[in-house]
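File shown: entry09.cif. Contents: mmCIF, C-alpha atoms.
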data_query
#
loop_
_atom_site.label_atom_id
_atom_site.label_comp_id
_atom_site.auth_asym_id
_atom_site.auth_seq_id
_atom_site.Cartn_x
_atom_site.Cartn_y
_atom_site.Cartn_z
CA MET A 960 15.38 11.46 -35.48
CA SER A 961 11.74 11.00 -36.33
CA LYS A 962 9.95 7.93 -35.07
CA ALA A 963 9.37 7.01 -38.71
CA VAL A 964 12.96 5.74 -38.44
CA PRO A 965 13.46 2.57 -36.38
CA ALA A 966 16.03 2.69 -33.57
CA SER A 967 18.34 0.17 -35.23
CA VAL A 968 18.39 2.26 -38.41
CA THR A 969 19.06 5.48 -36.47
CA ARG A 970 21.83 3.75 -34.57
CA LEU A 971 23.62 2.58 -37.71
CA ILE A 972 23.27 6.02 -39.31
CA GLU A 973 24.85 7.55 -36.18
CA GLU A 974 27.68 5.02 -36.14
CA PHE A 975 28.46 5.57 -39.84
CA ALA A 976 28.38 9.34 -39.28
CA ARG A 977 31.12 9.04 -36.64
CA LEU A 978 33.53 7.92 -39.37
CA PRO A 979 35.77 10.65 -40.80
CA GLY A 980 34.43 12.25 -43.99
CA ILE A 981 30.97 10.69 -43.63
CA GLY A 982 28.15 13.14 -42.90
CA THR A 983 24.64 12.30 -41.74
CA LYS A 984 23.19 12.21 -45.27
CA THR A 985 25.89 9.85 -46.56
CA ALA A 986 25.45 7.73 -43.43
CA ALA A 987 21.72 7.50 -44.12
CA ARG A 988 22.34 6.55 -47.74
CA LEU A 989 24.75 3.79 -46.75
CA THR A 990 22.30 2.49 -44.14
CA TYR A 991 19.33 2.41 -46.51
CA TYR A 992 21.52 0.88 -49.19
CA LEU A 993 22.32 -1.98 -46.80
CA LEU A 994 18.64 -2.39 -45.95
CA ARG A 995 18.04 -3.17 -49.64
CA ALA A 996 21.23 -5.19 -50.17
CA PRO A 997 21.46 -8.95 -49.50
CA ASP A 998 21.90 -9.84 -45.81
CA GLU A 999 25.30 -11.40 -46.56
CA HIS A 1000 26.75 -8.02 -47.46
CA THR A 1001 25.78 -6.40 -44.16
CA LEU A 1002 26.82 -9.40 -42.09
CA ALA A 1003 30.18 -9.67 -43.88
CA LEU A 1004 30.86 -6.02 -43.09
CA SER A 1005 29.79 -6.53 -39.48
CA GLU A 1006 32.10 -9.52 -39.08
CA ALA A 1007 35.02 -7.81 -40.82
CA LEU A 1008 34.72 -4.96 -38.34
CA ARG A 1009 34.62 -7.28 -35.35
CA ASP A 1010 37.60 -9.28 -36.64
CA LEU A 1011 39.60 -6.14 -37.27
CA LYS A 1012 39.92 -5.58 -33.54
CA THR A 1013 40.18 -9.19 -32.42
CA SER A 1014 42.72 -10.36 -35.03
CA THR A 1015 45.12 -7.45 -35.30
CA ARG A 1016 47.99 -6.19 -33.16
CA THR A 1017 51.20 -4.27 -33.86
CA CYS A 1018 54.38 -6.05 -34.91
CA SER A 1019 56.94 -5.99 -32.10
CA ILE A 1020 59.71 -5.18 -34.61
CA CYS A 1021 58.30 -2.65 -37.09
CA HIS A 1022 55.08 -1.68 -35.24
CA ASN A 1023 52.96 -2.05 -38.36
CA ILE A 1024 49.48 -3.54 -38.02
CA THR A 1025 49.67 -7.32 -38.27
CA GLU A 1026 47.92 -10.57 -37.42
CA THR A 1027 51.18 -12.41 -36.66
CA ASP A 1028 54.21 -11.31 -34.66
CA PRO A 1029 56.62 -10.64 -36.27
CA CYS A 1030 54.60 -9.40 -39.23
CA ALA A 1031 54.81 -10.94 -42.71
CA VAL A 1032 57.33 -8.34 -43.92
CA CYS A 1033 59.62 -8.64 -40.88
CA ALA A 1034 59.45 -12.44 -41.14
CA ASP A 1035 60.20 -12.44 -44.88
CA GLU A 1036 63.81 -13.51 -45.49
CA ASN A 1037 63.60 -12.08 -49.01
CA ARG A 1038 63.07 -8.55 -47.70
CA ASP A 1039 66.29 -6.62 -47.06
CA ALA A 1040 66.69 -6.33 -43.27
CA GLY A 1041 69.45 -3.74 -43.78
CA LEU A 1042 67.13 -1.15 -45.35
CA ILE A 1043 64.36 0.35 -43.22
CA CYS A 1044 61.71 2.71 -44.54
CA VAL A 1045 60.41 4.90 -41.69
CA VAL A 1046 56.81 6.04 -42.06
CA GLU A 1047 54.27 7.83 -39.91
CA GLU A 1048 51.26 5.53 -40.27
CA PRO A 1049 50.37 1.96 -41.29
CA LEU A 1050 48.49 3.41 -44.28
CA ASP A 1051 51.81 4.80 -45.55
CA VAL A 1052 53.21 1.26 -45.69
CA LEU A 1053 50.33 0.41 -48.00
CA ALA A 1054 51.26 3.35 -50.26
CA ILE A 1055 54.93 2.31 -50.45
CA GLU A 1056 53.97 -1.32 -51.09
CA ARG A 1057 51.76 -0.23 -53.97
CA THR A 1058 54.83 1.05 -55.82
CA GLY A 1059 56.05 -2.56 -55.98
CA THR A 1060 59.66 -1.32 -55.98
CA PHE A 1061 60.66 -1.34 -52.32
CA THR A 1062 62.33 -4.52 -51.09
CA GLY A 1063 63.38 -3.40 -47.61
CA ARG A 1064 61.47 -3.41 -44.35
CA TYR A 1065 59.49 -0.81 -42.44
CA HIS A 1066 59.29 1.08 -39.20
CA VAL A 1067 55.95 2.68 -38.32
CA LEU A 1068 56.20 5.66 -35.95
CA HIS A 1069 52.43 5.95 -35.38
CA GLY A 1070 52.37 9.70 -35.85
CA ALA A 1071 54.66 12.71 -36.21
CA ILE A 1072 56.07 15.21 -33.75
CA ASN A 1073 53.43 17.89 -33.19
CA PRO A 1074 53.96 20.12 -30.13
CA MET A 1075 50.61 21.86 -30.73
CA GLU A 1076 48.86 18.57 -30.09
CA GLY A 1077 51.22 17.49 -27.35
CA ILE A 1078 52.86 14.77 -29.45
CA GLY A 1079 56.57 14.56 -28.69
CA PRO A 1080 59.20 11.97 -29.64
CA ASP A 1081 58.25 9.83 -26.63
CA GLN A 1082 54.73 9.32 -27.98
CA LEU A 1083 56.15 7.86 -31.18
CA ARG A 1084 58.07 4.64 -31.86
CA ILE A 1085 61.37 6.54 -32.21
CA ARG A 1086 63.14 4.86 -29.28
CA GLU A 1087 62.37 1.50 -30.88
CA LEU A 1088 63.71 2.75 -34.23
CA LEU A 1089 66.99 3.90 -32.66
CA ALA A 1090 67.32 0.47 -31.00
CA ARG A 1091 66.91 -1.18 -34.41
CA ILE A 1092 69.53 1.15 -35.92
CA GLY A 1093 71.88 0.05 -33.13
CA THR A 1094 72.02 -3.48 -34.56
CA PRO A 1095 74.89 -4.06 -37.03
CA ASP A 1096 72.82 -5.39 -39.94
CA VAL A 1097 70.95 -2.11 -40.54
CA ARG A 1098 72.74 -0.16 -43.33
CA GLU A 1099 70.29 2.55 -44.25
CA ILE A 1100 67.09 4.19 -43.09
CA ILE A 1101 64.83 6.03 -45.53
CA LEU A 1102 62.87 8.77 -43.77
CA ALA A 1103 59.51 8.67 -45.53
CA THR A 1104 57.55 10.95 -43.22
CA ASN A 1105 54.99 13.28 -44.79
CA VAL A 1106 56.27 16.48 -46.39
CA GLY A 1107 55.34 19.35 -44.09
CA LEU A 1108 56.02 20.85 -40.70
CA GLU A 1109 55.41 17.81 -38.50
CA GLY A 1110 56.86 15.23 -40.89
CA ASP A 1111 60.00 17.30 -41.47
CA ALA A 1112 60.45 17.96 -37.74
CA THR A 1113 60.15 14.24 -37.09
CA ALA A 1114 62.67 13.39 -39.81
CA MET A 1115 65.10 16.02 -38.45
CA TYR A 1116 64.71 14.71 -34.90
CA ILE A 1117 65.54 11.16 -36.03
CA TYR A 1118 68.38 12.40 -38.22
CA GLN A 1119 70.04 14.20 -35.31
CA ARG A 1120 69.94 11.09 -33.15
CA ALA A 1121 70.89 8.56 -35.81
CA ARG A 1122 73.57 10.46 -37.79
CA GLY A 1123 76.91 8.71 -37.97
CA LYS A 1124 75.41 5.35 -37.01
CA VAL A 1125 73.77 4.55 -40.33
CA ARG A 1126 73.16 5.93 -43.81
CA ILE A 1127 70.15 8.25 -43.61
CA THR A 1128 68.16 9.20 -46.71
CA ARG A 1129 64.85 10.81 -47.30
CA LEU A 1130 62.36 10.59 -50.15
CA ALA A 1131 63.11 12.87 -53.10
CA ARG A 1132 61.10 16.07 -52.98
CA GLY A 1133 59.00 15.02 -55.89
CA LEU A 1134 56.10 15.05 -53.48
CA PRO A 1135 54.05 18.24 -53.39
CA VAL A 1136 54.50 20.22 -50.17
CA GLY A 1137 51.64 19.53 -47.78
CA GLY A 1138 50.83 16.31 -49.62
CA ASP A 1139 49.94 13.22 -47.62
CA LEU A 1140 51.94 10.16 -48.57
CA GLU A 1141 48.86 8.01 -48.86
CA TYR A 1142 47.40 10.17 -51.63
CA ALA A 1143 50.52 10.13 -53.80
CA ASP A 1144 50.18 8.11 -56.98
CA SER A 1145 52.42 5.08 -57.29
CA VAL A 1146 54.62 6.47 -60.09
CA THR A 1147 55.42 9.68 -58.16
CA LEU A 1148 56.11 7.69 -55.05
CA ALA A 1149 58.28 5.15 -56.90
CA GLY A 1150 60.25 8.07 -58.39
CA ALA A 1151 60.65 9.65 -54.96
CA LEU A 1152 61.94 6.36 -53.58
CA ASP A 1153 64.38 5.98 -56.45
CA GLY A 1154 65.67 9.57 -56.19
CA ARG A 1155 66.20 9.53 -52.44
CA ARG A 1156 69.28 11.47 -51.32
CA GLU A 1157 71.62 11.70 -48.34
CA MET A 1158 70.23 13.71 -45.46
CA ASP A 1159 72.57 16.56 -44.56
CA GLY A 1160 70.77 18.48 -41.87
CA ASP A 1161 69.94 21.63 -43.80
CA MET B 1121 46.94 -6.59 -51.74
CA SER B 1122 50.47 -6.70 -50.42
CA LYS B 1123 51.28 -9.05 -47.61
CA ALA B 1124 52.27 -5.98 -45.59
CA VAL B 1125 48.51 -5.74 -45.09
CA PRO B 1126 46.95 -8.35 -42.78
CA ALA B 1127 44.03 -10.38 -44.14
CA SER B 1128 41.53 -8.92 -41.67
CA VAL B 1129 42.50 -5.39 -42.75
CA THR B 1130 42.24 -6.28 -46.45
CA ARG B 1131 38.87 -7.86 -45.83
CA LEU B 1132 37.42 -4.79 -44.14
CA ILE B 1133 38.80 -2.53 -46.89
CA GLU B 1134 37.11 -4.74 -49.48
CA GLU B 1135 33.81 -4.76 -47.58
CA PHE B 1136 33.82 -0.96 -47.18
CA ALA B 1137 34.66 -0.57 -50.88
CA ARG B 1138 31.50 -2.53 -51.81
CA LEU B 1139 29.39 0.31 -50.38
CA PRO B 1140 28.11 2.83 -52.94
CA GLY B 1141 30.31 5.93 -53.32
CA ILE B 1142 33.21 4.44 -51.34
CA GLY B 1143 36.34 3.72 -53.37
CA THR B 1144 39.33 1.64 -52.32
CA LYS B 1145 41.30 4.61 -50.98
CA THR B 1146 38.40 5.85 -48.84
CA ALA B 1147 37.81 2.28 -47.67
CA ALA B 1148 41.47 2.04 -46.62
CA ARG B 1149 41.27 5.37 -44.77
CA LEU B 1150 38.16 4.27 -42.88
CA THR B 1151 39.78 0.96 -41.98
CA TYR B 1152 43.01 2.50 -40.72
CA TYR B 1153 41.03 5.14 -38.88
CA LEU B 1154 39.20 2.37 -37.01
CA LEU B 1155 42.50 0.63 -36.24
CA ARG B 1156 43.52 3.77 -34.33
CA ALA B 1157 40.10 4.53 -32.85
CA PRO B 1158 38.89 3.03 -29.55
CA ASP B 1159 37.66 -0.58 -29.83
CA GLU B 1160 34.16 0.50 -28.71
CA HIS B 1161 33.70 2.51 -31.90
CA THR B 1162 34.44 -0.41 -34.21
CA LEU B 1163 32.41 -2.87 -32.15
CA ALA B 1164 29.45 -0.49 -31.95
CA LEU B 1165 29.47 -0.18 -35.74
CA SER B 1166 29.78 -3.96 -36.10
CA GLU B 1167 26.81 -4.56 -33.78
CA ALA B 1168 24.71 -1.83 -35.40
CA LEU B 1169 25.20 -3.53 -38.76
CA ARG B 1170 24.25 -6.94 -37.40
CA ASP B 1171 21.17 -5.53 -35.64
CA LEU B 1172 20.06 -3.71 -38.79
CA LYS B 1173 19.26 -7.03 -40.42
CA THR B 1174 18.00 -8.91 -37.37
CA SER B 1175 15.73 -6.17 -35.97
CA THR B 1176 14.13 -4.66 -39.04
CA ARG B 1177 11.31 -5.71 -41.33
CA THR B 1178 8.77 -3.88 -43.49
CA CYS B 1179 5.49 -2.59 -42.09
CA SER B 1180 2.55 -4.66 -43.39
CA ILE B 1181 0.52 -1.47 -43.92
CA CYS B 1182 2.89 1.18 -45.35
CA HIS B 1183 5.88 -1.07 -46.22
CA ASN B 1184 8.34 1.31 -44.61
CA ILE B 1185 11.29 -0.18 -42.69
CA THR B 1186 10.29 -0.81 -39.10
CA GLU B 1187 11.08 -2.81 -35.97
CA THR B 1188 7.42 -3.24 -35.03
CA ASP B 1189 4.42 -4.17 -37.16
CA PRO B 1190 2.54 -1.94 -37.76
CA CYS B 1191 5.26 0.71 -37.73
CA ALA B 1192 5.30 3.66 -35.32
CA VAL B 1193 3.68 6.01 -37.87
CA CYS B 1194 0.90 3.59 -38.85
CA ALA B 1195 0.24 2.87 -35.15
CA ASP B 1196 0.14 6.57 -34.22
CA GLU B 1197 -3.46 7.71 -33.68
CA ASN B 1198 -2.32 11.31 -33.97
CA ARG B 1199 -1.23 10.83 -37.60
CA ASP B 1200 -3.97 11.42 -40.14
CA ALA B 1201 -4.94 8.02 -41.57
CA GLY B 1202 -6.89 9.76 -44.35
CA LEU B 1203 -3.82 11.34 -45.94
CA ILE B 1204 -1.18 9.08 -47.47
CA CYS B 1205 2.13 10.28 -48.87
CA VAL B 1206 3.38 7.83 -51.51
CA VAL B 1207 7.16 7.64 -51.86
CA GLU B 1208 9.62 5.46 -53.73
CA GLU B 1209 12.03 4.58 -50.94
CA PRO B 1210 12.24 4.47 -47.12
CA LEU B 1211 14.88 7.21 -47.30
CA ASP B 1212 12.26 9.50 -48.84
CA VAL B 1213 10.12 9.08 -45.70
CA LEU B 1214 13.08 10.40 -43.73
CA ALA B 1215 13.26 13.47 -46.01
CA ILE B 1216 9.54 14.22 -45.60
CA GLU B 1217 9.73 13.71 -41.84
CA ARG B 1218 12.60 16.19 -41.65
CA THR B 1219 10.28 18.94 -42.88
CA GLY B 1220 8.30 18.48 -39.64
CA THR B 1221 5.12 19.61 -41.43
CA PHE B 1222 3.55 16.37 -42.63
CA THR B 1223 0.99 14.85 -40.29
CA GLY B 1224 -0.36 12.07 -42.52
CA ARG B 1225 0.91 8.57 -43.11
CA TYR B 1226 3.06 6.93 -45.77
CA HIS B 1227 3.15 4.30 -48.44
CA VAL B 1228 6.57 3.11 -49.61
CA LEU B 1229 6.60 1.66 -53.13
CA HIS B 1230 10.17 0.33 -52.92
CA GLY B 1231 11.17 1.65 -56.30
CA ALA B 1232 9.74 3.26 -59.43
CA ILE B 1233 8.54 1.86 -62.74
CA ASN B 1234 11.58 1.38 -64.95
CA PRO B 1235 11.06 -0.85 -68.01
CA MET B 1236 14.77 -0.61 -68.92
CA GLU B 1237 15.62 -2.43 -65.68
CA GLY B 1238 12.63 -4.72 -65.85
CA ILE B 1239 10.79 -3.04 -62.98
CA GLY B 1240 7.07 -2.96 -63.67
CA PRO B 1241 4.10 -2.10 -61.42
CA ASP B 1242 4.02 -5.67 -60.09
CA GLN B 1243 7.49 -5.34 -58.58
CA LEU B 1244 6.32 -2.33 -56.56
CA ARG B 1245 3.87 -2.03 -53.67
CA ILE B 1246 1.22 -0.48 -55.94
CA ARG B 1247 -1.37 -3.24 -55.49
CA GLU B 1248 -1.13 -2.73 -51.72
CA LEU B 1249 -1.56 1.03 -52.19
CA LEU B 1250 -4.70 0.56 -54.30
CA ALA B 1251 -6.08 -1.73 -51.60
CA ARG B 1252 -5.49 0.99 -48.99
CA ILE B 1253 -7.20 3.56 -51.22
CA GLY B 1254 -10.18 1.24 -51.39
CA THR B 1255 -10.91 1.72 -47.68
CA PRO B 1256 -13.38 4.55 -46.93
CA ASP B 1257 -11.15 6.49 -44.48
CA VAL B 1258 -8.52 7.44 -47.08
CA ARG B 1259 -9.33 10.95 -48.41
CA GLU B 1260 -6.19 11.91 -50.27
CA ILE B 1261 -2.93 10.49 -51.59
CA ILE B 1262 0.05 12.72 -52.25
CA LEU B 1263 2.26 11.29 -55.00
CA ALA B 1264 5.77 12.16 -53.82
CA THR B 1265 7.77 10.09 -56.29
CA ASN B 1266 11.02 11.56 -57.59
CA VAL B 1267 10.81 14.15 -60.37
CA GLY B 1268 11.96 12.46 -63.57
CA LEU B 1269 11.06 9.77 -66.07
CA GLU B 1270 10.59 6.82 -63.71
CA GLY B 1271 9.02 8.77 -60.86
CA ASP B 1272 6.58 10.56 -63.18
CA ALA B 1273 5.66 7.29 -64.95
CA THR B 1274 4.98 5.70 -61.58
CA ALA B 1275 2.84 8.65 -60.46
CA MET B 1276 0.89 8.55 -63.72
CA TYR B 1277 0.34 4.79 -63.44
CA ILE B 1278 -1.06 5.19 -59.92
CA TYR B 1279 -3.14 8.22 -60.97
CA GLN B 1280 -4.79 6.28 -63.78
CA ARG B 1281 -5.81 3.46 -61.45
CA ALA B 1282 -6.83 5.59 -58.46
CA ARG B 1283 -8.62 8.52 -60.15
CA GLY B 1284 -12.19 9.01 -59.04
CA LYS B 1285 -11.69 6.95 -55.89
CA VAL B 1286 -9.74 9.49 -53.89
CA ARG B 1287 -8.25 12.97 -54.09
CA ILE B 1288 -4.87 12.67 -55.80
CA THR B 1289 -2.22 15.38 -55.48
CA ARG B 1290 1.43 15.58 -56.27
CA LEU B 1291 4.24 17.66 -54.79
CA ALA B 1292 4.57 21.17 -56.21
CA ARG B 1293 7.21 21.37 -58.91
CA GLY B 1294 9.48 23.39 -56.72
CA LEU B 1295 11.83 20.46 -56.96
CA PRO B 1296 14.52 20.68 -59.64
CA VAL B 1297 13.98 18.20 -62.49
CA GLY B 1298 16.17 15.15 -62.05
CA GLY B 1299 16.50 15.91 -58.35
CA ASP B 1300 16.31 13.07 -55.87
CA LEU B 1301 13.87 13.70 -53.05
CA GLU B 1302 16.36 12.74 -50.41
CA TYR B 1303 18.73 15.57 -51.40
CA ALA B 1304 16.12 18.30 -51.27
CA ASP B 1305 16.51 20.72 -48.39
CA SER B 1306 13.74 20.79 -45.83
CA VAL B 1307 12.44 24.26 -46.73
CA THR B 1308 12.08 23.42 -50.44
CA LEU B 1309 10.44 20.16 -49.57
CA ALA B 1310 8.08 21.76 -47.04
CA GLY B 1311 7.12 24.32 -49.70
CA ALA B 1312 6.52 21.58 -52.24
CA LEU B 1313 4.28 19.77 -49.75
CA ASP B 1314 2.34 22.94 -49.00
CA GLY B 1315 1.93 23.88 -52.69
CA ARG B 1316 0.74 20.43 -53.81
CA ARG B 1317 -1.96 20.54 -56.47
CA GLU B 1318 -4.65 18.33 -57.94
CA MET B 1319 -3.38 15.79 -60.40
CA ASP B 1320 -5.13 16.20 -63.77
CA GLY B 1321 -3.40 13.76 -66.07
CA ASP B 1322 -1.63 16.20 -68.35
#
Full structure transcribed into structure tokens:
Amino acid sequence: MSKAVPASVTRLIEEFARLPGIGTKTAARLTYYLLRAPDEHTLALSEALRDLKTSTRTCSICHNITETDPCAVCADENRDAGLICVVEEPLDVLAIERTGTFTGRYHVLHGAINPMEGIGPDQLRIRELLARIGTPDVREIILATNVGLEGDATAMYIYQRARGKVRITRLARGLPVGGDLEYADSVTLAGALDGRREMDGD
Amino acid sequence: MSKAVPASVTRLIEEFARLPGIGTKTAARLTYYLLRAPDEHTLALSEALRDLKTSTRTCSICHNITETDPCAVCADENRDAGLICVVEEPLDVLAIERTGTFTGRYHVLHGAINPMEGIGPDQLRIRELLARIGTPDVREIILATNVGLEGDATAMYIYQRARGKVRITRLARGLPVGGDLEYADSVTLAGALDGRREMDGD
């Protein structure tokens, strides 16, 4: 950039622009906004970013992002340990929690099967899920992967390995095909949770 | 937020959501993206934010954001000290610099006259501009305020106080009315610079 722009400003613009969905112009706007805003705002954001990496890990049970191990949901005696909602990403847990209607626990796969990108079952937390299903207190798993090629393939893969050991359901197809779970509105998602049906392999 | 979301994650989502144009869902996406991304990315952004506030100040001559005083443009002997482009915001300097055709210097007002928001001439760097105009080496000022009520009022205010002391031009009205300078494409802006005309008060 031009030398009319100080190095520290250029650097922040470049760092913002590395974020998904943020182009150079938006990055510049955010940076110049912060230059005008009170120092506290910028420093709070800086510290929140630093703490994100130093304070978080994944739960050894459900593999969701957490600060404690086990995480708050896995440690909560009021959450049904017999009902596990299986999702692709931590952000999907947030979407399910927003419905306010799910009282079970979670299992975060950290992705979906995608041979084109070299992601197979071994790259996901599927082995850990099957180990959880092996314990007697798990009654049901709800496969809440995204609706689409990868999500469906992942659900089918888990279904084939878990069938007969546990009740397996998936979210009702109230979700639009191709829709990402995290964009679904809470009412649609609550309805899909409520209308979940037995998985039958076809 | 739900306790399925750790405090440090919630905090970063909230900080991101305070930025202009970033809603809660985008803030959550950015946060969860960073949770997956390499640590270096998050830490680099954190440090860039911290350094933004510790390394920058405003130039005592042109009042643009800078790390050195005077800034790189004001200190550059190759930039024409007799030609001053007057802009509202530091981001506007960036837009002018992108055209690659302006060889003069700048004066950043840090806003525009806006009685509705209680911003009068005294809240802007107009007094400092008039002082610069008072020196014999300044030949011309280009009023490059935004096109619109506030920008035009600001330009007119400066024109009335500076007329007779210096050549006063404004950007050609190739810019769409209501358009913010920072969104103009470089070609339009270069054309507007090139086609600037004498200010005549009507």
Hits from the PyMOL selection byres ((chain A) within 6 of (chain B)), listed as a PyMOL selection string:
chain A and resi 963+965+967+971+974+1002+1004-1005+1007-1009+1011+1025-1026+1032
So, with only C-alpha atoms as the atoms that count, which of B:Cys1182, B:Ala1137, B:Ile1204, B:Ala1232 lies closest to Ala1273 in chain B?
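Answer, going by the shortest atom-to-atom distance: B:Ala1232.
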Record the distance separating CA of Gly1231 in chain B and CA of Asp1305 in chain B, expressed in Å with one decimal.
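Going from CA of Gly1231 in chain B over to CA of Asp1305 in chain B covers 21.3 Å.
Across the structure, CA of Glu1047 in chain A and CA of Lys1124 in chain A are spaced 21.5 Å apart.
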What's the separation between CA of Tyr1279 in chain B and CA of Thr1223 in chain B, in Å to one decimal place?
22.1 Å
Residue contacts of range 1087-1091 of chain A (8 Å, all atoms listed in the file) excluding same-chain residues fewer than 2 positions away, as an NGL selection string
:A and (1066 or 1084-1085 or 1093-1094 or 1097 or 1120-1121)
For range 1099-1103 of chain A, work out the shell of residues within 8 Å, counting all atoms listed in the file and skipping chain neighbours fewer than 5 positions away, then give it as a PyMOL selection string.
chain A and resi 1041-1047+1114+1125-1130+1155
With distances taken over only C-alpha atoms, which of B:Asp1212, B:Ile1278, B:Leu1244, B:Ala1147 is nearest to Asn1266 in chain B?
B:Asp1212
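Among B:Gly1284, B:Pro1256, B:Val1267, B:Phe1222, the residue with the shortest atom-to-atom distance to Asn1198 in chain B, counting only C-alpha atoms, is B:Phe1222.
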